[in-house]
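S.K.: This is upload-v8.cif, which holds mmCIF, C-alpha atoms:
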data_input
#
loop_
_atom_site.group_PDB
_atom_site.id
_atom_site.type_symbol
_atom_site.label_atom_id
_atom_site.label_comp_id
_atom_site.auth_asym_id
_atom_site.auth_seq_id
_atom_site.Cartn_x
_atom_site.Cartn_y
_atom_site.Cartn_z
ATOM 1 C CA MET A 873 1.486 -18.756 -39.502
ATOM 2 C CA SER A 874 3.681 -21.312 -37.761
ATOM 3 C CA ILE A 875 3.124 -22.598 -34.241
ATOM 4 C CA ALA A 876 5.009 -20.301 -31.873
ATOM 5 C CA SER A 877 7.309 -21.046 -28.981
ATOM 6 C CA LEU A 878 6.680 -19.642 -25.523
ATOM 7 C CA THR A 879 10.089 -17.964 -25.728
ATOM 8 C CA ASP A 880 9.089 -16.073 -28.871
ATOM 9 C CA ALA A 881 5.767 -14.973 -27.369
ATOM 10 C CA LEU A 882 7.440 -13.720 -24.196
ATOM 11 C CA GLN A 883 10.114 -11.888 -26.161
ATOM 12 C CA TRP A 884 7.359 -10.217 -28.165
ATOM 13 C CA ALA A 885 5.778 -9.075 -24.898
ATOM 14 C CA GLU A 886 9.097 -7.948 -23.441
ATOM 15 C CA ARG A 887 9.887 -5.771 -26.444
ATOM 16 C CA ARG A 888 6.525 -4.034 -26.056
ATOM 17 C CA ASN A 889 6.491 -3.964 -22.253
ATOM 18 C CA CYS A 890 3.171 -5.809 -22.266
ATOM 19 C CA ALA A 891 1.861 -9.310 -21.553
ATOM 20 C CA VAL A 892 0.661 -12.116 -23.779
ATOM 21 C CA GLY A 893 -2.729 -13.597 -22.961
ATOM 22 C CA ALA A 894 -2.941 -17.274 -22.059
ATOM 23 C CA PHE A 895 -6.443 -18.721 -22.221
ATOM 24 C CA ASN A 896 -7.703 -22.133 -21.173
ATOM 25 C CA VAL A 897 -9.174 -24.351 -23.874
ATOM 26 C CA TRP A 898 -12.181 -26.407 -22.775
ATOM 27 C CA ASN A 899 -13.452 -27.593 -26.150
ATOM 28 C CA TRP A 900 -13.256 -26.875 -29.875
ATOM 29 C CA GLU A 901 -15.471 -23.773 -29.700
ATOM 30 C CA SER A 902 -13.362 -22.169 -26.994
ATOM 31 C CA ALA A 903 -10.139 -22.969 -28.858
ATOM 32 C CA MET A 904 -11.365 -21.357 -32.050
ATOM 33 C CA ALA A 905 -12.724 -18.344 -30.164
ATOM 34 C CA ILE A 906 -9.328 -17.816 -28.511
ATOM 35 C CA ILE A 907 -7.487 -17.926 -31.820
ATOM 36 C CA GLU A 908 -10.056 -15.793 -33.642
ATOM 37 C CA GLY A 909 -9.951 -13.191 -30.878
ATOM 38 C CA ALA A 910 -6.177 -12.977 -31.148
ATOM 39 C CA GLU A 911 -6.373 -12.721 -34.933
ATOM 40 C CA GLU A 912 -8.790 -9.824 -34.732
ATOM 41 C CA GLU A 913 -6.502 -8.062 -32.251
ATOM 42 C CA GLY A 914 -3.411 -8.910 -34.309
ATOM 43 C CA VAL A 915 -1.306 -10.319 -31.464
ATOM 44 C CA PRO A 916 0.211 -13.661 -30.429
ATOM 45 C CA VAL A 917 -1.800 -15.842 -28.071
ATOM 46 C CA ILE A 918 -1.294 -18.853 -25.821
ATOM 47 C CA ALA A 919 -3.903 -21.616 -26.029
ATOM 48 C CA MET A 920 -3.632 -23.629 -22.820
ATOM 49 C CA VAL A 921 -4.946 -27.071 -21.987
ATOM 50 C CA TYR A 922 -5.287 -27.753 -18.275
ATOM 51 C CA ALA A 923 -3.882 -31.139 -17.294
ATOM 52 C CA GLY A 924 -7.284 -32.332 -16.063
ATOM 53 C CA VAL A 925 -8.997 -31.295 -19.287
ATOM 54 C CA LEU A 926 -6.280 -33.038 -21.281
ATOM 55 C CA GLU A 927 -7.205 -36.300 -19.594
ATOM 56 C CA ARG A 928 -10.799 -35.834 -20.736
ATOM 57 C CA MET A 929 -10.074 -34.758 -24.317
ATOM 58 C CA GLY A 930 -7.095 -37.047 -24.889
ATOM 59 C CA LEU A 931 -3.470 -36.118 -25.614
ATOM 60 C CA GLU A 932 -3.330 -37.053 -29.300
ATOM 61 C CA GLU A 933 -6.750 -35.551 -30.009
ATOM 62 C CA SER A 934 -5.911 -32.276 -28.255
ATOM 63 C CA VAL A 935 -2.572 -31.862 -30.010
ATOM 64 C CA SER A 936 -4.067 -32.725 -33.380
ATOM 65 C CA PHE A 937 -6.839 -30.138 -33.432
ATOM 66 C CA LEU A 938 -4.829 -27.415 -31.688
ATOM 67 C CA ARG A 939 -1.856 -27.742 -34.029
ATOM 68 C CA ALA A 940 -4.161 -27.771 -37.054
ATOM 69 C CA ALA A 941 -5.915 -24.618 -35.835
ATOM 70 C CA ALA A 942 -2.643 -22.892 -34.933
ATOM 71 C CA GLN A 943 -1.074 -23.611 -38.326
ATOM 72 C CA LYS A 944 -3.996 -21.910 -40.059
ATOM 73 C CA ALA A 945 -4.012 -18.904 -37.724
ATOM 74 C CA ALA A 946 -2.987 -15.459 -38.910
ATOM 75 C CA VAL A 947 -1.080 -14.846 -35.643
ATOM 76 C CA PRO A 948 1.492 -16.898 -33.683
ATOM 77 C CA VAL A 949 -0.177 -19.444 -31.401
ATOM 78 C CA VAL A 950 1.580 -21.149 -28.502
ATOM 79 C CA ILE A 951 0.161 -24.547 -27.511
ATOM 80 C CA HIS A 952 0.703 -24.860 -23.779
ATOM 81 C CA LEU A 953 0.101 -27.508 -21.120
ATOM 82 C CA ASP A 954 -1.258 -25.813 -18.000
ATOM 83 C CA HIS A 955 -0.658 -26.986 -14.429
ATOM 84 C CA SER A 956 0.761 -30.460 -14.703
ATOM 85 C CA SER A 957 2.131 -31.916 -11.483
ATOM 86 C CA ASP A 958 3.229 -35.030 -13.378
ATOM 87 C CA GLU A 959 6.589 -34.509 -15.033
ATOM 88 C CA HIS A 960 6.218 -37.708 -17.045
ATOM 89 C CA LYS A 961 2.935 -36.512 -18.566
ATOM 90 C CA ALA A 962 4.564 -33.153 -19.283
ATOM 91 C CA ILE A 963 7.311 -34.867 -21.280
ATOM 92 C CA GLN A 964 4.704 -36.868 -23.192
ATOM 93 C CA CYS A 965 3.035 -33.590 -24.120
ATOM 94 C CA ALA A 966 6.351 -32.081 -25.202
ATOM 95 C CA ALA A 967 7.047 -35.109 -27.396
ATOM 96 C CA ALA A 968 3.521 -34.984 -28.846
ATOM 97 C CA GLY A 969 3.890 -31.410 -30.088
ATOM 98 C CA PHE A 970 3.107 -28.931 -27.312
ATOM 99 C CA SER A 971 5.100 -25.702 -27.648
ATOM 100 C CA SER A 972 5.530 -25.451 -23.886
ATOM 101 C CA VAL A 973 4.559 -27.182 -20.679
ATOM 102 C CA MET A 974 4.018 -25.956 -17.147
ATOM 103 C CA TYR A 975 5.319 -28.122 -14.360
ATOM 104 C CA ASP A 976 3.607 -27.272 -11.091
ATOM 105 C CA GLY A 977 5.823 -28.457 -8.268
ATOM 106 C CA SER A 978 4.642 -25.697 -5.958
ATOM 107 C CA GLN A 979 3.327 -28.176 -3.385
ATOM 108 C CA LEU A 980 6.768 -29.754 -3.052
ATOM 109 C CA PRO A 981 9.682 -28.660 -0.860
ATOM 110 C CA PHE A 982 11.908 -26.122 -2.617
ATOM 111 C CA ASP A 983 14.746 -28.541 -3.409
ATOM 112 C CA GLU A 984 12.449 -31.216 -4.810
ATOM 113 C CA ASN A 985 10.537 -28.692 -6.917
ATOM 114 C CA LEU A 986 13.830 -27.327 -8.229
ATOM 115 C CA ASP A 987 15.297 -30.733 -9.042
ATOM 116 C CA LYS A 988 12.196 -31.980 -10.859
ATOM 117 C CA THR A 989 11.730 -28.738 -12.776
ATOM 118 C CA LYS A 990 15.391 -28.660 -13.806
ATOM 119 C CA GLU A 991 15.236 -32.254 -15.017
ATOM 120 C CA LEU A 992 12.116 -31.480 -17.030
ATOM 121 C CA VAL A 993 13.757 -28.400 -18.576
ATOM 122 C CA GLU A 994 16.699 -30.523 -19.693
ATOM 123 C CA LYS A 995 14.501 -33.215 -21.239
ATOM 124 C CA ALA A 996 12.063 -30.774 -22.823
ATOM 125 C CA SER A 997 14.836 -28.728 -24.417
ATOM 126 C CA ILE A 998 15.795 -31.754 -26.520
ATOM 127 C CA LEU A 999 12.240 -31.647 -27.876
ATOM 128 C CA ASP A 1000 12.341 -27.863 -28.490
ATOM 129 C CA CYS A 1001 9.741 -27.368 -25.780
ATOM 130 C CA ASP A 1002 9.838 -24.530 -23.238
ATOM 131 C CA VAL A 1003 9.018 -24.985 -19.559
ATOM 132 C CA GLU A 1004 7.129 -22.751 -17.132
ATOM 133 C CA GLY A 1005 7.731 -23.412 -13.450
ATOM 134 C CA GLU A 1006 5.942 -22.253 -10.321
ATOM 135 C CA LEU A 1007 7.354 -21.132 -6.997
ATOM 136 C CA GLY A 1008 5.116 -20.223 -4.110
ATOM 137 C CA GLN A 1009 1.591 -21.591 -4.039
ATOM 138 C CA VAL A 1010 -1.133 -19.983 -6.153
ATOM 139 C CA GLY A 1011 -4.134 -21.303 -4.281
ATOM 140 C CA SER A 1012 -7.861 -21.251 -4.817
ATOM 141 C CA ALA A 1013 -9.879 -18.058 -4.518
ATOM 142 C CA ALA A 1014 -12.557 -20.119 -2.777
ATOM 143 C CA THR A 1015 -10.307 -20.254 0.283
ATOM 144 C CA ASP A 1016 -8.280 -17.714 2.232
ATOM 145 C CA ASP A 1017 -4.993 -19.569 1.676
ATOM 146 C CA TYR A 1018 -3.731 -17.241 -1.016
ATOM 147 C CA PHE A 1019 -3.672 -14.378 1.498
ATOM 148 C CA ASP A 1020 -1.102 -16.281 3.568
ATOM 149 C CA PRO A 1021 2.328 -14.614 3.175
ATOM 150 C CA ALA A 1022 3.920 -18.004 3.860
ATOM 151 C CA ALA A 1023 2.444 -19.291 0.584
ATOM 152 C CA MET A 1024 3.767 -16.383 -1.477
ATOM 153 C CA THR A 1025 6.890 -16.469 -3.611
ATOM 154 C CA VAL A 1026 10.096 -15.514 -1.783
ATOM 155 C CA PRO A 1027 12.218 -13.223 -4.010
ATOM 156 C CA GLY A 1028 15.535 -14.792 -3.025
ATOM 157 C CA ASP A 1029 14.202 -18.283 -3.676
ATOM 158 C CA ALA A 1030 12.853 -17.122 -7.045
ATOM 159 C CA ALA A 1031 16.294 -15.886 -8.067
ATOM 160 C CA GLU A 1032 17.900 -19.216 -7.176
ATOM 161 C CA PHE A 1033 15.108 -21.234 -8.758
ATOM 162 C CA ALA A 1034 15.235 -19.326 -12.042
ATOM 163 C CA ALA A 1035 19.018 -19.501 -12.294
ATOM 164 C CA ARG A 1036 19.354 -23.168 -11.461
ATOM 165 C CA SER A 1037 16.275 -24.598 -13.169
ATOM 166 C CA GLY A 1038 16.581 -22.783 -16.496
ATOM 167 C CA VAL A 1039 12.836 -22.206 -16.824
ATOM 168 C CA THR A 1040 11.574 -20.013 -19.640
ATOM 169 C CA ALA A 1041 9.029 -18.357 -17.341
ATOM 170 C CA LEU A 1042 8.127 -18.428 -13.668
ATOM 171 C CA ALA A 1043 4.617 -18.378 -12.193
ATOM 172 C CA VAL A 1044 4.520 -16.470 -8.917
ATOM 173 C CA ALA A 1045 2.202 -16.182 -5.931
ATOM 174 C CA ILE A 1046 1.741 -12.551 -4.897
ATOM 175 C CA GLY A 1047 -1.864 -12.571 -3.664
ATOM 176 C CA ASN A 1048 -3.400 -13.954 -6.855
ATOM 177 C CA ALA A 1049 -5.524 -17.111 -6.937
ATOM 178 C CA HIS A 1050 -7.420 -19.440 -9.249
ATOM 179 C CA GLY A 1051 -11.182 -19.184 -9.614
ATOM 180 C CA LEU A 1052 -13.564 -16.441 -8.543
ATOM 181 C CA TYR A 1053 -12.319 -14.050 -5.884
ATOM 182 C CA ARG A 1054 -14.755 -13.578 -3.022
ATOM 183 C CA GLU A 1055 -13.410 -10.058 -2.573
ATOM 184 C CA GLU A 1056 -11.046 -7.820 -4.489
ATOM 185 C CA PRO A 1057 -7.539 -9.335 -4.428
ATOM 186 C CA HIS A 1058 -4.640 -7.276 -3.144
ATOM 187 C CA LEU A 1059 -1.468 -8.035 -5.039
ATOM 188 C CA ASP A 1060 1.887 -7.590 -3.311
ATOM 189 C CA PHE A 1061 3.554 -5.284 -5.840
ATOM 190 C CA PRO A 1062 6.779 -4.658 -3.879
ATOM 191 C CA ARG A 1063 7.243 -8.436 -3.731
ATOM 192 C CA LEU A 1064 6.574 -8.712 -7.474
ATOM 193 C CA GLU A 1065 9.092 -5.978 -8.276
ATOM 194 C CA GLU A 1066 11.774 -7.631 -6.149
ATOM 195 C CA ILE A 1067 11.104 -11.029 -7.711
ATOM 196 C CA ARG A 1068 11.566 -9.625 -11.212
ATOM 197 C CA ASN A 1069 14.674 -7.650 -10.289
ATOM 198 C CA ARG A 1070 16.315 -10.624 -8.616
ATOM 199 C CA SER A 1071 15.211 -13.429 -10.951
ATOM 200 C CA GLY A 1072 15.419 -11.684 -14.314
ATOM 201 C CA VAL A 1073 12.952 -14.084 -15.961
ATOM 202 C CA PRO A 1074 9.543 -13.334 -17.495
ATOM 203 C CA LEU A 1075 6.901 -13.728 -14.803
ATOM 204 C CA VAL A 1076 3.494 -15.354 -15.073
ATOM 205 C CA LEU A 1077 0.359 -14.216 -13.269
ATOM 206 C CA HIS A 1078 -2.162 -16.995 -12.735
ATOM 207 C CA GLY A 1079 -5.724 -16.235 -11.655
ATOM 208 C CA GLY A 1080 -6.253 -13.349 -14.056
ATOM 209 C CA THR A 1081 -10.048 -13.474 -13.780
ATOM 210 C CA GLY A 1082 -11.249 -10.796 -11.374
ATOM 211 C CA ILE A 1083 -8.038 -8.830 -10.892
ATOM 212 C CA PRO A 1084 -8.831 -5.120 -11.425
ATOM 213 C CA ASP A 1085 -7.572 -3.615 -14.682
ATOM 214 C CA ARG A 1086 -5.418 -1.073 -12.840
ATOM 215 C CA ASP A 1087 -3.619 -3.899 -11.020
ATOM 216 C CA ILE A 1088 -3.138 -5.837 -14.250
ATOM 217 C CA ARG A 1089 -1.454 -2.801 -15.803
ATOM 218 C CA ARG A 1090 0.760 -2.302 -12.773
ATOM 219 C CA ALA A 1091 1.764 -5.968 -12.723
ATOM 220 C CA ILE A 1092 2.710 -5.767 -16.398
ATOM 221 C CA ALA A 1093 4.803 -2.651 -15.734
ATOM 222 C CA LEU A 1094 6.659 -4.650 -13.055
ATOM 223 C CA GLY A 1095 7.567 -7.562 -15.315
ATOM 224 C CA VAL A 1096 4.585 -9.882 -15.751
ATOM 225 C CA ARG A 1097 4.704 -11.124 -19.339
ATOM 226 C CA LYS A 1098 2.082 -13.899 -19.365
ATOM 227 C CA ILE A 1099 -1.358 -13.702 -17.782
ATOM 228 C CA ASN A 1100 -3.589 -16.755 -17.423
ATOM 229 C CA VAL A 1101 -7.356 -16.577 -17.871
ATOM 230 C CA GLY A 1102 -9.482 -19.675 -17.341
ATOM 231 C CA THR A 1103 -12.510 -19.026 -15.150
ATOM 232 C CA GLU A 1104 -13.635 -16.103 -17.307
ATOM 233 C CA ILE A 1105 -13.745 -18.391 -20.347
ATOM 234 C CA VAL A 1106 -15.985 -20.863 -18.516
ATOM 235 C CA LEU A 1107 -18.300 -18.084 -17.319
ATOM 236 C CA ALA A 1108 -18.620 -16.748 -20.867
ATOM 237 C CA MET A 1109 -19.696 -20.150 -22.171
ATOM 238 C CA GLN A 1110 -22.131 -20.580 -19.309
ATOM 239 C CA ARG A 1111 -23.731 -17.199 -20.024
ATOM 240 C CA ALA A 1112 -24.208 -18.023 -23.674
ATOM 241 C CA PHE A 1113 -25.798 -21.400 -23.007
ATOM 242 C CA ALA A 1114 -28.034 -19.956 -20.278
ATOM 243 C CA GLU A 1115 -29.287 -17.239 -22.635
ATOM 244 C CA GLN A 1116 -30.092 -19.799 -25.302
ATOM 245 C CA MET A 1117 -31.978 -21.963 -22.840
ATOM 246 C CA ARG A 1118 -34.000 -19.028 -21.509
ATOM 247 C CA GLY A 1119 -34.890 -18.037 -25.057
ATOM 248 C CA SER A 1120 -36.082 -21.533 -25.950
ATOM 249 C CA PRO A 1121 -37.923 -22.976 -22.936
ATOM 250 C CA ASP A 1122 -39.416 -25.800 -24.996
ATOM 251 C CA GLY A 1123 -36.125 -26.888 -26.465
ATOM 252 C CA TRP A 1124 -32.963 -25.262 -27.713
ATOM 253 C CA ASN A 1125 -30.635 -25.678 -30.651
ATOM 254 C CA PHE A 1126 -27.241 -26.952 -29.570
ATOM 255 C CA LEU A 1127 -25.482 -25.600 -32.656
ATOM 256 C CA GLU A 1128 -26.902 -22.130 -32.091
ATOM 257 C CA ALA A 1129 -25.883 -22.290 -28.431
ATOM 258 C CA SER A 1130 -22.368 -23.374 -29.387
ATOM 259 C CA THR A 1131 -22.093 -20.531 -31.884
ATOM 260 C CA ALA A 1132 -23.263 -18.076 -29.228
ATOM 261 C CA ALA A 1133 -20.716 -19.468 -26.748
ATOM 262 C CA ARG A 1134 -17.919 -19.088 -29.268
ATOM 263 C CA LYS A 1135 -18.907 -15.451 -29.867
ATOM 264 C CA GLU A 1136 -19.095 -14.739 -26.131
ATOM 265 C CA VAL A 1137 -15.673 -16.266 -25.485
ATOM 266 C CA LYS A 1138 -14.153 -14.308 -28.352
ATOM 267 C CA THR A 1139 -15.441 -11.067 -26.831
ATOM 268 C CA VAL A 1140 -13.801 -11.947 -23.505
ATOM 269 C CA VAL A 1141 -10.539 -12.841 -25.235
ATOM 270 C CA ARG A 1142 -10.446 -9.616 -27.229
ATOM 271 C CA ASN A 1143 -11.138 -7.508 -24.146
ATOM 272 C CA ARG A 1144 -8.450 -9.260 -22.121
ATOM 273 C CA ILE A 1145 -5.928 -9.109 -24.959
ATOM 274 C CA SER A 1146 -6.548 -5.398 -25.414
ATOM 275 C CA LEU A 1147 -5.818 -4.842 -21.725
ATOM 276 C CA PHE A 1148 -2.762 -7.119 -21.627
ATOM 277 C CA ALA A 1149 -1.293 -5.517 -24.766
ATOM 278 C CA MET A 1150 -1.620 -2.138 -23.008
ATOM 279 C CA LYS A 1151 -3.646 -0.720 -25.896
#
I'd like the structure from this file rewritten - as structure tokens, please.
M.R.:
Amino acid sequence: MSIASLTDALQWAERRNCAVGAFNVWNWESAMAIIEGAEEEGVPVIAMVYAGVLERMGLEESVSFLRAAAQKAAVPVVIHLDHSSDEHKAIQCAAAGFSSVMYDGSQLPFDENLDKTKELVEKASILDCDVEGELGQVGSAATDDYFDPAAMTVPGDAAEFAARSGVTALAVAIGNAHGLYREEPHLDFPRLEEIRNRSGVPLVLHGGTGIPDRDIRRAIALGVRKINVGTEIVLAMQRAFAEQMRGSPDGWNFLEASTAARKEVKTVVRNRISLFAMK
């Protein structure tokens, strides 16, 4: 199976009125678990590398093992750069072989975010690389900032941003946040519906860990076509390693722990994919 583009994955989701799962890669075990989970569910998947993790693993190393794994996969795999605020690094990733890159200019004034995102779209298109943008600020669940209406995506701005930037997909802030929610999030569905109606582009929901299933389904029905999951992957690996350590107080086998972590992550991926695919 060839490496997929973000456009193809989103079109697949649009035809089925569902969402494609995007999961953060933290190491080789998590990458393989993500791909294996998608294979067992028989759907496309997005393997994301967070910009900070990319710095740790290395650009060439990350691209090499992800492309090798994707080319052997039985389902389409999108290789995606997650949350880069450095447009120059994003272009390096596009040139190195990423299917798509996310430029996060959400902390910038609207015009500057638009200009930088548009420039990146133009450069990335030459490299056959799609671009995800962000408008509004998807904050951290550890704070109360994401409840602030002033930080949420403005529908009219989203329409202008999508039309002028040419992004393949747009990440929105509607009450979602990264990390673990301290209480159940309350998504602004009327805002989401207006954003989709006015922008016309596939929407991305960041902070998928902890959002109730009923709200995930409703968000998908209103136009979300990509849902990011990162924290849940980390928690799955932590659970597996903790269980191995508790079972071997005098010493534990790293290979067995890694195998257990891979299995735990795959279970999470399959469960999320099943929900996102509206099965």
S.K.: Which residues are near Lys1098 (chain A)? Cut-off 10 Å, only C-alpha atoms, ignore same chain within fewer than 4 positions. Put them as a list in words.
M.R.: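 Near Lys1098 (chain A), the qualifying residues are Leu878, Ala881, Leu882, Ala885, Cys890, Ala891, Val892, Gly893, Ala894, Val917, Ile918, Ala1041, Leu1042, Ala1043, Pro1074, Leu1075, Val1076, Leu1077, His1078, Gly1080, Ile1092 and Phe1148 of chain A.
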S.K.: In Å, how far is it from CA of Glu1056 (chain A) to CA of Val897 (chain A)?
M.R.: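 These two atoms are separated by 25.5 Å.
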S.K.: Smallest atom-to-atom distance to Ser1037 (chain A): which of A:Lys1135, A:Lys995, A:His1058, A:His955, using only C-alpha atoms?
M.R.: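 Among A:Lys1135, A:Lys995, A:His1058, A:His955, it is A:Lys995 that comes nearest to Ser1037 (chain A).
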S.K.: Padding of 5 Å on every side, edges along x, y and z, all listed atoms of region 1123-1141 of chain A included: what centre and edge lengths in Å, to one decimal, does that box have, as AutoDock Vina command-line options?
M.R.:
--center_x -23.3 --center_y -19.0 --center_z -28.1 --size_x 35.6 --size_y 25.9 --size_z 19.2
S.K.: Using all atoms listed in the file, determine which residues lie at most 7 Å from Ala1045 (chain A), disregarding the query and same-chain residues fewer than 2 positions distant; provide the list as a PyMOL selection string.
M.R.: chain A and resi 1008-1010+1024-1025+1047-1048
S.K.: Which residues come within 10 Å of Met904 (chain A), counting all atoms listed in the file, excluding same-chain residues fewer than 2 positions away, as a list in words?
M.R.: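 Once the adjacent positions are removed, what remains is Val897, Asn899, Trp900, Glu901, Ser902, Ile906, Ile907, Glu908, Gly909, Ala910, Ala919, Phe937, Leu938, Ala941, Ala942, Ala945, Arg1134, Lys1135, Val1137 and Lys1138 of chain A.
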S.K.: May I ask for the distance between CA of Arg1142 (chain A) and CA of Met1117 (chain A), given in Å to one decimal place?
M.R.: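 Separation between CA of Arg1142 (chain A) and CA of Met1117 (chain A): 25.2 Å.
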S.K.: Got a sec to resolve the PyMOL selection byres ((chain A and resi 1068) around 12) on this structure and send the residues as a JSON list (two decimals) with C-alpha atoms, keeping the file's coordinate frame?
M.R.:
[["chain", "number", "residue", "atom", "x", "y", "z"],
["A", 1025, "THR", "CA", 6.89, -16.47, -3.61],
["A", 1026, "VAL", "CA", 10.10, -15.51, -1.78],
["A", 1027, "PRO", "CA", 12.22, -13.22, -4.01],
["A", 1028, "GLY", "CA", 15.54, -14.79, -3.02],
["A", 1029, "ASP", "CA", 14.20, -18.28, -3.68],
["A", 1030, "ALA", "CA", 12.85, -17.12, -7.04],
["A", 1031, "ALA", "CA", 16.29, -15.89, -8.07],
["A", 1034, "ALA", "CA", 15.24, -19.33, -12.04],
["A", 1041, "ALA", "CA", 9.03, -18.36, -17.34],
["A", 1042, "LEU", "CA", 8.13, -18.43, -13.67],
["A", 1043, "ALA", "CA", 4.62, -18.38, -12.19],
["A", 1044, "VAL", "CA", 4.52, -16.47, -8.92],
["A", 1061, "PHE", "CA", 3.55, -5.28, -5.84],
["A", 1062, "PRO", "CA", 6.78, -4.66, -3.88],
["A", 1063, "ARG", "CA", 7.24, -8.44, -3.73],
["A", 1064, "LEU", "CA", 6.57, -8.71, -7.47],
["A", 1065, "GLU", "CA", 9.09, -5.98, -8.28],
["A", 1066, "GLU", "CA", 11.77, -7.63, -6.15],
["A", 1067, "ILE", "CA", 11.10, -11.03, -7.71],
["A", 1069, "ASN", "CA", 14.67, -7.65, -10.29],
["A", 1070, "ARG", "CA", 16.32, -10.62, -8.62],
["A", 1071, "SER", "CA", 15.21, -13.43, -10.95],
["A", 1072, "GLY", "CA", 15.42, -11.68, -14.31],
["A", 1073, "VAL", "CA", 12.95, -14.08, -15.96],
["A", 1074, "PRO", "CA", 9.54, -13.33, -17.50],
["A", 1075, "LEU", "CA", 6.90, -13.73, -14.80],
["A", 1076, "VAL", "CA", 3.49, -15.35, -15.07],
["A", 1091, "ALA", "CA", 1.76, -5.97, -12.72],
["A", 1092, "ILE", "CA", 2.71, -5.77, -16.40],
["A", 1093, "ALA", "CA", 4.80, -2.65, -15.73],
["A", 1094, "LEU", "CA", 6.66, -4.65, -13.06],
["A", 1095, "GLY", "CA", 7.57, -7.56, -15.32],
["A", 1096, "VAL", "CA", 4.58, -9.88, -15.75],
["A", 1097, "ARG", "CA", 4.70, -11.12, -19.34]]
S.K.: Which one of A:Arg939, A:Ile1046, A:Gln964, A:Asp1002 sits closest to Ala1023 (chain A) if you count all atoms listed in the file?
M.R.: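 Using all atoms listed in the file, Ala1023 (chain A) sits closest to A:Ile1046.
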S.K.: If the PyMOL selection byres ((chain A and resi 1081) around 10) is run on the structure shown, which residues does it catch, given as a ChimeraX atom specification?
M.R.: /A:1048-1053,1078-1080,1082-1084,1099-1105,1144
S.K.: So which one's closest to Ser971 (chain A), A:Ala876, A:Ile998, A:Met920, A:Ala1014? Using all atoms listed in the file, please.
M.R.: A:Ala876
S.K.: Please measure the separation of CA of Leu999 (chain A) and CA of Gln979 (chain A), giving the value in Å to one decimal.
M.R.: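 Interatomic distance, CA of Leu999 (chain A) to CA of Gln979 (chain A): 26.3 Å.
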S.K.: For a quick check of understanding, using all atoms listed in the file, which of A:Thr1040, A:Ser956, A:Gln943, A:Ser1146 has the smallest distance to Asp880 (chain A)?
M.R.: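 Looking at the shortest contact to Asp880 (chain A), the residue is A:Thr1040.
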